[in-house]
Amino acid sequence: TTNTTTATVGTLTVSAPNANTVGASNLIVDNTGGGGSNTTTFAAGNLARGGAGSVLVITPTTGTLGSKELITFTNGGALLTNGILPPWVATTTSSASTAGDFVTYGGSGVGVATYAGDLTTSTNTSVVNQSSVPTITGAAAAYALKTNVAVNLSTNTLTLGNGSGQSGLILNNGGSITNGNITFGATEGMIYSQGTTSLGTTGNTLTSNGLSITALGATTMTLTSNINNGTQPAALNLVAATTGSTINLNGTNGYTGGTTLSYQGTLHVRQDSA
């Protein structure tokens with residue numbers, strides 16, 4: 001017998017950071033008790049963002065997002081750009097594996113994104129999973145990028161996003177991007193870090209119209225790039241909900257939009273300007 005469990009709610013609004021909220025929310029769908037033939041569904045009205053710094057991380061407990069653990073939004077299809085929901089929405093593999101992915105939306109609701117190409121050929125419409133070490137010989141671009149390998153930009157610039165809204169970068173365990181500048185352009189950069197990761201080399205810049213760094217589980221992240229404003233003052237939001245995280249801010253930073261912390265772990269600030 002196939003059984004379904006469905007929780008139906010109205011509009012799901014993910015709050016922006018303020019004096020009382022951190023801006024990052026975790027949506028857990030758990031079909032553990034359902035078995036192989038049953039489903040658990042979270043059915044919401046519209047998905048709405050409360051403002052800059054809002055992040056939604058989905059956790060499908062058994063790792064069956066889109067098949068047994070279902071999430072639907074009334075406006076899900078309308079939110080797609082380049083085949084994915086806005087990069088302020090991401091998922092982990094399961095409750096046991098916190099590796100991150102971007103998400104898409106289809107007939108079964110939210111699912112793991114489909115990736116294509118790599119940084120040697122991608123453009124600002126590409127959603128890339130860089131799973132092998134690339135040889136970068138010129139400027140590189142992607143709309144959203146996931147990697148768990150060492151990416152050496154060879155003094156070239158990596159541009160993420162399409163110039164509006166948000167753009168995304170997922171660094172899973174072992175992922176790094178070094179030896180070149182990274183720009184999110186006139187967009188808000190959404191960075192997710194899982195495991196041990198690093199971003200930037202001394203003297204590199206990371207430019208955005210706001211930057212949110214969200215730890216997926218316990219993470220150790222070293223950010224050496226100088227964080228600078230884009231076309232407007234950039235705010236830095238750091239969220240690490242899991243005890244044991246370490247974030248190292250090693251750059252000489254010039255962003256002027258302020259810093260918001262919701263953090264369990266160690267934060268190292270290496271420069272007076274950080």
# chains A, B, ... in the order shown; residues from 1 in each chain; ligands from 1
>>> residues_around(residues="stretch 167-182 of chain A", least_positions_apart="4", cutoff="7 Å", atoms="only C-alpha atoms", output="ChimeraX atom specification")
/A:87,99-100,143-161,187-201,204-207
>>> residues_around(residues="A:Thr220", least_positions_apart="6", cutoff="6 Å", atoms="only C-alpha atoms", output="list of chain:residue names")
A:Thr196, A:Ser245, A:Thr246, A:Ile247
>>> write_last_selection(atoms="N, CA and C atoms", output="compact mmCIF listing (two decimals), in the first residue's frame")
# COMPACT_ATOMS: atom_id res chain seq x y z
N THR A 196 36.29 21.06 3.90
CA THR A 196 37.45 21.96 3.86
C THR A 196 37.55 22.61 2.48
N SER A 245 32.68 24.64 13.12
CA SER A 245 33.10 25.32 11.90
C SER A 245 34.21 26.33 12.19
N THR A 246 35.06 26.54 11.19
CA THR A 246 36.11 27.56 11.25
C THR A 246 36.12 28.32 9.94
N ILE A 247 36.02 29.62 10.01
CA ILE A 247 36.16 30.47 8.83
C ILE A 247 37.31 31.43 9.05
>>> atom_distance(atom1="atom CA of A:Gly111", atom2="atom CA of A:Gly51")
23.7 Å
>>> closest_residue(among="A:Tyr115, A:Phe73, A:Phe184, A:Phe42", to="A:Ala234", atoms="only C-alpha atoms")
A:Phe184
>>> closest_residue(among="A:Ser54, A:Ser37, A:Gln130, A:Thr61", to="A:Leu236", atoms="only C-alpha atoms")
A:Ser54
>>> residues_around(residues="stretch 255-271 of chain A", least_positions_apart="2", cutoff="8 Å", atoms="only C-alpha atoms", output="MDAnalysis selection string")
chainID A and resid 17 22 210 227:229 233:253 273:274
>>> residues_around(residues="stretch 3-13 of chain A", least_positions_apart="5", cutoff="10 Å", atoms="only C-alpha atoms", output="compact mmCIF listing (two decimals) with N, CA and C atoms, in the first residue's frame")
# COMPACT_ATOMS: atom_id res chain seq x y z
N SER A 25 17.66 29.77 6.53
CA SER A 25 16.66 28.84 7.04
C SER A 25 16.94 27.45 6.50
N ASN A 31 11.35 11.41 5.18
CA ASN A 31 10.53 10.25 4.82
C ASN A 31 11.06 8.97 5.45
N GLY A 34 8.59 6.41 6.11
CA GLY A 34 7.71 6.12 4.99
C GLY A 34 8.01 4.83 4.26
N GLY A 35 9.26 4.38 4.31
CA GLY A 35 9.61 3.18 3.57
C GLY A 35 9.75 3.44 2.09
N SER A 37 7.86 2.74 -0.51
CA SER A 37 6.72 3.02 -1.40
C SER A 37 5.95 4.26 -1.01
N ASN A 38 6.36 4.93 0.05
CA ASN A 38 5.61 6.08 0.55
C ASN A 38 6.36 7.39 0.32
N THR A 39 5.65 8.48 0.35
CA THR A 39 6.25 9.79 0.13
C THR A 39 5.86 10.75 1.25
N THR A 40 6.72 11.73 1.47
CA THR A 40 6.44 12.82 2.40
C THR A 40 6.59 14.12 1.62
N THR A 41 5.55 14.95 1.67
CA THR A 41 5.50 16.16 0.86
C THR A 41 5.31 17.40 1.72
N PHE A 42 6.11 18.42 1.42
CA PHE A 42 5.89 19.76 1.96
C PHE A 42 5.36 20.59 0.81
N ALA A 43 4.08 20.96 0.87
CA ALA A 43 3.42 21.69 -0.21
C ALA A 43 3.14 23.11 0.25
N ALA A 44 3.85 24.05 -0.34
CA ALA A 44 3.72 25.45 0.05
C ALA A 44 3.06 26.25 -1.06
N GLY A 45 2.58 27.42 -0.69
CA GLY A 45 2.15 28.38 -1.69
C GLY A 45 3.38 28.93 -2.40
N ASN A 46 3.48 30.22 -2.53
CA ASN A 46 4.65 30.79 -3.17
C ASN A 46 5.88 30.72 -2.28
N LEU A 47 7.05 30.66 -2.91
CA LEU A 47 8.33 30.83 -2.21
C LEU A 47 8.74 32.28 -2.37
N ALA A 48 8.98 32.96 -1.25
CA ALA A 48 9.30 34.38 -1.29
C ALA A 48 10.56 34.64 -0.50
N ARG A 49 11.30 35.65 -0.92
CA ARG A 49 12.54 36.04 -0.25
C ARG A 49 12.31 37.32 0.52
N GLY A 50 12.75 37.33 1.80
CA GLY A 50 12.52 38.48 2.64
C GLY A 50 13.43 39.65 2.35
N GLY A 51 14.54 39.40 1.64
CA GLY A 51 15.46 40.48 1.31
C GLY A 51 16.87 39.95 1.16
N SER A 54 18.95 36.52 2.53
CA SER A 54 18.10 35.35 2.77
C SER A 54 18.66 34.12 2.07
N LEU A 56 17.94 29.69 1.81
CA LEU A 56 17.15 28.51 2.15
C LEU A 56 17.96 27.28 1.80
N LYS A 68 10.88 10.68 -3.12
CA LYS A 68 10.16 10.29 -1.91
C LYS A 68 9.98 11.47 -0.95
N GLU A 69 10.91 12.39 -0.99
CA GLU A 69 10.84 13.59 -0.16
C GLU A 69 10.60 14.78 -1.09
N LEU A 70 9.36 15.26 -1.08
CA LEU A 70 8.90 16.19 -2.10
C LEU A 70 8.65 17.58 -1.51
N ILE A 71 9.00 18.59 -2.28
CA ILE A 71 8.74 19.98 -1.92
C ILE A 71 8.14 20.67 -3.14
N THR A 72 6.99 21.29 -2.96
CA THR A 72 6.35 22.00 -4.07
C THR A 72 6.06 23.44 -3.68
N PHE A 73 6.18 24.31 -4.66
CA PHE A 73 5.83 25.72 -4.52
C PHE A 73 4.92 26.11 -5.67
N THR A 74 3.91 26.89 -5.39
CA THR A 74 2.98 27.32 -6.44
C THR A 74 3.71 28.05 -7.55
N ASN A 75 4.70 28.86 -7.19
CA ASN A 75 5.42 29.66 -8.19
C ASN A 75 6.77 29.05 -8.56
>>> select_by_dssp(residues="stretch 55-199 of chain A", states="strand (DSSP E)", output="PyMOL selection string")
chain A and resi 55-60+69-73+89-92+100-106+109-112+127-130+140-142+144-147+150-152+158-160+166-171+176-178+182-183+188-199
